[in-house]
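**Student:** Pasting entry20.cif below, which is mmCIF, C-alpha atoms.
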data_data
#
loop_
_atom_site.group_PDB
_atom_site.id
_atom_site.type_symbol
_atom_site.label_atom_id
_atom_site.label_comp_id
_atom_site.auth_asym_id
_atom_site.auth_seq_id
_atom_site.Cartn_x
_atom_site.Cartn_y
_atom_site.Cartn_z
ATOM 1 C CA MET A 1 126.144 62.405 55.596
ATOM 2 C CA LYS A 2 124.448 60.391 52.846
ATOM 3 C CA LYS A 3 122.128 62.112 50.386
ATOM 4 C CA GLU A 4 119.040 60.338 51.668
ATOM 5 C CA TYR A 5 119.697 61.906 55.090
ATOM 6 C CA ARG A 6 119.545 65.479 53.733
ATOM 7 C CA VAL A 7 116.637 67.830 53.190
ATOM 8 C CA LYS A 8 117.421 69.349 49.801
ATOM 9 C CA SER A 9 114.297 70.627 48.063
ATOM 10 C CA GLU A 10 112.843 74.088 48.559
ATOM 11 C CA LYS A 11 109.376 72.559 49.110
ATOM 12 C CA ASP A 12 110.615 70.445 52.030
ATOM 13 C CA PHE A 13 112.311 73.476 53.585
ATOM 14 C CA GLN A 14 109.146 75.573 53.243
ATOM 15 C CA ASP A 15 106.944 72.784 54.679
ATOM 16 C CA ALA A 16 109.179 72.563 57.737
ATOM 17 C CA PHE A 17 109.315 76.349 58.192
ATOM 18 C CA GLN A 18 105.557 76.828 57.868
ATOM 19 C CA ASN A 19 104.224 73.688 59.559
ATOM 20 C CA GLY A 20 107.072 72.605 61.821
ATOM 21 C CA THR A 21 107.801 73.549 65.401
ATOM 22 C CA SER A 22 110.843 75.663 66.209
ATOM 23 C CA TYR A 23 113.180 75.486 69.189
ATOM 24 C CA ALA A 24 116.168 77.714 69.780
ATOM 25 C CA ASN A 25 119.141 78.593 71.916
ATOM 26 C CA ARG A 26 121.861 81.224 71.418
ATOM 27 C CA GLN A 27 123.717 79.307 68.698
ATOM 28 C CA LEU A 28 121.049 77.340 66.803
ATOM 29 C CA VAL A 29 117.421 77.309 65.708
ATOM 30 C CA LEU A 30 115.930 73.848 65.179
ATOM 31 C CA TYR A 31 112.752 73.253 63.167
ATOM 32 C CA VAL A 32 111.116 69.859 63.683
ATOM 33 C CA TYR A 33 108.664 68.596 61.076
ATOM 34 C CA PRO A 34 107.011 65.152 61.534
ATOM 35 C CA LYS A 35 107.237 62.621 58.689
ATOM 36 C CA ILE A 36 105.362 59.542 59.923
ATOM 37 C CA GLY A 37 106.660 56.245 58.552
ATOM 38 C CA GLN A 38 110.014 57.651 57.504
ATOM 39 C CA VAL A 39 112.816 55.073 57.808
ATOM 40 C CA HIS A 40 115.460 57.586 58.914
ATOM 41 C CA PHE A 41 115.602 61.247 59.831
ATOM 42 C CA ARG A 42 116.623 63.956 57.364
ATOM 43 C CA VAL A 43 118.528 67.150 58.145
ATOM 44 C CA GLY A 44 118.728 70.481 56.352
ATOM 45 C CA LEU A 45 121.398 73.006 57.305
ATOM 46 C CA SER A 46 121.354 76.744 56.791
ATOM 47 C CA VAL A 47 124.284 79.035 57.519
ATOM 48 C CA GLY A 48 123.775 82.637 56.432
ATOM 49 C CA LYS A 49 126.273 84.933 54.773
ATOM 50 C CA LYS A 50 126.552 86.997 57.948
ATOM 51 C CA MET A 51 128.545 84.113 59.459
ATOM 52 C CA GLY A 52 131.536 84.911 57.283
ATOM 53 C CA ASN A 53 132.995 83.889 53.970
ATOM 54 C CA ALA A 54 132.350 80.537 52.265
ATOM 55 C CA VAL A 55 135.236 78.850 54.075
ATOM 56 C CA GLN A 56 133.822 79.731 57.499
ATOM 57 C CA ARG A 57 130.260 78.799 56.534
ATOM 58 C CA ASN A 58 131.372 75.424 55.166
ATOM 59 C CA LYS A 59 133.385 74.764 58.332
ATOM 60 C CA ILE A 60 130.299 75.396 60.468
ATOM 61 C CA LYS A 61 128.259 73.033 58.265
ATOM 62 C CA ARG A 62 130.962 70.340 58.465
ATOM 63 C CA LEU A 63 131.054 70.580 62.257
ATOM 64 C CA LEU A 64 127.252 70.402 62.477
ATOM 65 C CA ARG A 65 127.142 67.369 60.157
ATOM 66 C CA HIS A 66 129.807 65.618 62.221
ATOM 67 C CA ALA A 67 127.911 66.311 65.463
ATOM 68 C CA ILE A 68 124.699 64.977 63.891
ATOM 69 C CA HIS A 69 126.546 61.874 62.702
ATOM 70 C CA GLU A 70 127.805 61.190 66.238
ATOM 71 C CA LEU A 71 124.334 61.746 67.727
ATOM 72 C CA SER A 72 122.392 59.861 65.035
ATOM 73 C CA PRO A 73 121.699 56.668 67.060
ATOM 74 C CA ALA A 74 119.921 58.777 69.691
ATOM 75 C CA ILE A 75 117.874 60.957 67.296
ATOM 76 C CA ASN A 76 114.205 60.184 66.581
ATOM 77 C CA ASN A 77 113.821 58.879 62.997
ATOM 78 C CA GLU A 78 110.329 60.055 62.101
ATOM 79 C CA TYR A 79 111.147 63.734 61.608
ATOM 80 C CA ASP A 80 112.785 66.176 59.239
ATOM 81 C CA TYR A 81 115.078 68.643 61.004
ATOM 82 C CA LEU A 82 116.193 72.054 59.819
ATOM 83 C CA ILE A 83 119.116 73.576 61.669
ATOM 84 C CA ILE A 84 119.798 77.277 61.259
ATOM 85 C CA ALA A 85 123.056 78.623 62.633
ATOM 86 C CA ARG A 86 123.054 81.928 64.475
ATOM 87 C CA LYS A 87 125.863 84.469 64.641
ATOM 88 C CA ASP A 88 126.963 83.243 68.105
ATOM 89 C CA ILE A 89 128.155 79.915 66.633
ATOM 90 C CA VAL A 90 131.063 81.553 64.798
ATOM 91 C CA ASN A 91 134.474 80.708 66.340
ATOM 92 C CA ARG A 92 133.064 77.838 68.408
ATOM 93 C CA ASN A 93 134.893 74.525 68.461
ATOM 94 C CA PHE A 94 133.348 71.136 67.709
ATOM 95 C CA TYR A 95 132.555 70.253 71.324
ATOM 96 C CA GLU A 96 130.755 73.547 71.965
ATOM 97 C CA ILE A 97 128.704 73.117 68.771
ATOM 98 C CA LYS A 98 127.824 69.538 69.694
ATOM 99 C CA LYS A 99 126.839 70.610 73.216
ATOM 100 C CA SER A 100 124.627 73.359 71.782
ATOM 101 C CA LEU A 101 123.005 70.888 69.363
ATOM 102 C CA VAL A 102 122.316 68.417 72.177
ATOM 103 C CA HIS A 103 120.830 71.238 74.267
ATOM 104 C CA VAL A 104 118.385 72.357 71.586
ATOM 105 C CA MET A 105 117.452 68.709 70.833
ATOM 106 C CA LYS A 106 116.726 68.107 74.521
ATOM 107 C CA ILE A 107 114.464 71.171 74.524
ATOM 108 C CA ALA A 108 112.622 69.713 71.511
ATOM 109 C CA SER A 109 112.440 66.241 73.173
ATOM 110 C CA ILE A 110 113.684 64.469 70.045
ATOM 111 C CA ILE A 111 116.780 62.827 71.465
ATOM 112 C CA ASP A 112 116.841 59.632 73.518
ATOM 113 C CA ILE A 113 118.683 60.523 76.739
ATOM 114 C CA LYS A 114 119.618 56.904 77.564
ATOM 115 C CA LYS A 115 121.179 56.323 74.154
ATOM 116 C CA LEU A 116 122.924 59.673 74.381
ATOM 117 C CA GLU A 117 124.526 58.705 77.700
ATOM 118 C CA GLU A 118 125.706 55.412 76.169
ATOM 119 C CA LEU A 119 127.352 57.309 73.310
ATOM 120 C CA GLN A 120 129.337 59.553 75.640
#
How would this structure read if it were set down as structure tokens?
**Tutor:**
Amino acid sequence: MKKEYRVKSEKDFQDAFQNGTSYANRQLVLYVYPKIGQVHFRVGLSVGKKMGNAVQRNKIKRLLRHAIHELSPAINNEYDYLIIARKDIVNRNFYEIKKSLVHVMKIASIIDIKKLEELQ
């Protein structure tokens, strides 16, 4: 994922946590923060130390980034998204993580269902 697609600064994370809307399922928590006029969406990932060692945490982040990359044409561009992994995501494969991400995005109504069906 390119740098301009990532939420990096502490201020942006705090804005999304305090002013954004959260949606959750067993594996993920998704914070949605509107950024009107933004050319493309931005994503911040958080995987806590309880998920395992650095290798396992980085694997989870890689799988989430790959799922986001595959879903990017269907995702609404005018938002910042923060994705927080929960303990239940450990030992899941890519397809289960992607399915969980799609589920939480459908709950938040930020994914275009027609474009999603075209992608699959």
**Student:** So which residues get picked by the PyMOL selection byres ((chain A and resi 73) around 12) here, written as a ChimeraX atom specification?
**Tutor:** /A:40-41,67-72,74-77,110-120
**Student:** Translate the PyMOL selection byres ((chain A and resi 95) around 12) into a concrete residue list for this structure, as number ranges by chain.
**Tutor:** A: 63-64, 66-67, 70, 89, 91-94, 96-102, 120
**Student:** The PyMOL selection byres ((chain A and resi 32-37) around 6) on the file shown: which residues, as a list of chain:residue names?
**Tutor:**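 Against this file, the PyMOL selection byres ((chain A and resi 32-37) around 6) returns the residues A:Ala16, A:Gly20, A:Thr21, A:Tyr31, A:Gln38, A:Glu78, A:Tyr79, A:Asp80, A:Tyr81.
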**Student:** Would you mind telling me which residue in A:Arg42, A:His103, A:Lys3, A:Arg86 lies nearest to Arg57 (chain A) when using all atoms listed in the file?
**Tutor:**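 Among the listed residues, A:Arg86 lies closest to Arg57 (chain A).
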**Student:** Could you please determine the separation between CA of Lys50 (chain A) and CA of Glu4 (chain A) in Å, to one decimal place?
**Tutor:**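 Value for the CA of Lys50 (chain A)-CA of Glu4 (chain A) distance: 28.4 Å.
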**Student:** Could you jot down the CA of Arg26 (chain A) to CA of Lys49 (chain A) separation for me, Å, one decimal place?
**Tutor:**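 Going from CA of Arg26 (chain A) over to CA of Lys49 (chain A) covers 17.6 Å.
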**Student:** Counting all atoms listed in the file, figure out which residue out of A:Val7, A:Met105, A:Ala54, A:Val90 gets nearest to Gln27 (chain A).
**Tutor:** A:Val90
**Student:** For Lys87 (chain A), which of A:Asn25, A:Arg65, A:Val43, A:Leu30 is the closest residue, counting only C-alpha atoms?
**Tutor:**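 Using only C-alpha atoms, Lys87 (chain A) sits closest to A:Asn25.
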**Student:** Have a look at CA of Ala24 (chain A) and CA of Val104 (chain A) and let me know their distance in Å, one decimal.
**Tutor:**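 We find that CA of Ala24 (chain A) and CA of Val104 (chain A) lie 6.1 Å from each other.
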**Student:** Determine the nearest neighbour of Ile83 (chain A) from the options A:Gln56, A:Ser109, A:Ser9, A:Ser22, counting all atoms listed in the file.
**Tutor:**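 Among A:Gln56, A:Ser109, A:Ser9, A:Ser22, it is A:Ser22 that comes nearest to Ile83 (chain A).
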**Student:** Between A:Gln14, A:Ile60, A:Ile84, A:Leu28, which residue has the minimum interatomic distance to Ser46 (chain A), considering all atoms listed in the file?
**Tutor:** A:Ile84
**Student:** For Met51 (chain A), which residue out of A:Ala85, A:Glu10, A:Phe17, A:Tyr23 is the nearest one, using all atoms listed in the file?
**Tutor:**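 So, comparing all the options, the nearest one is A:Ala85.
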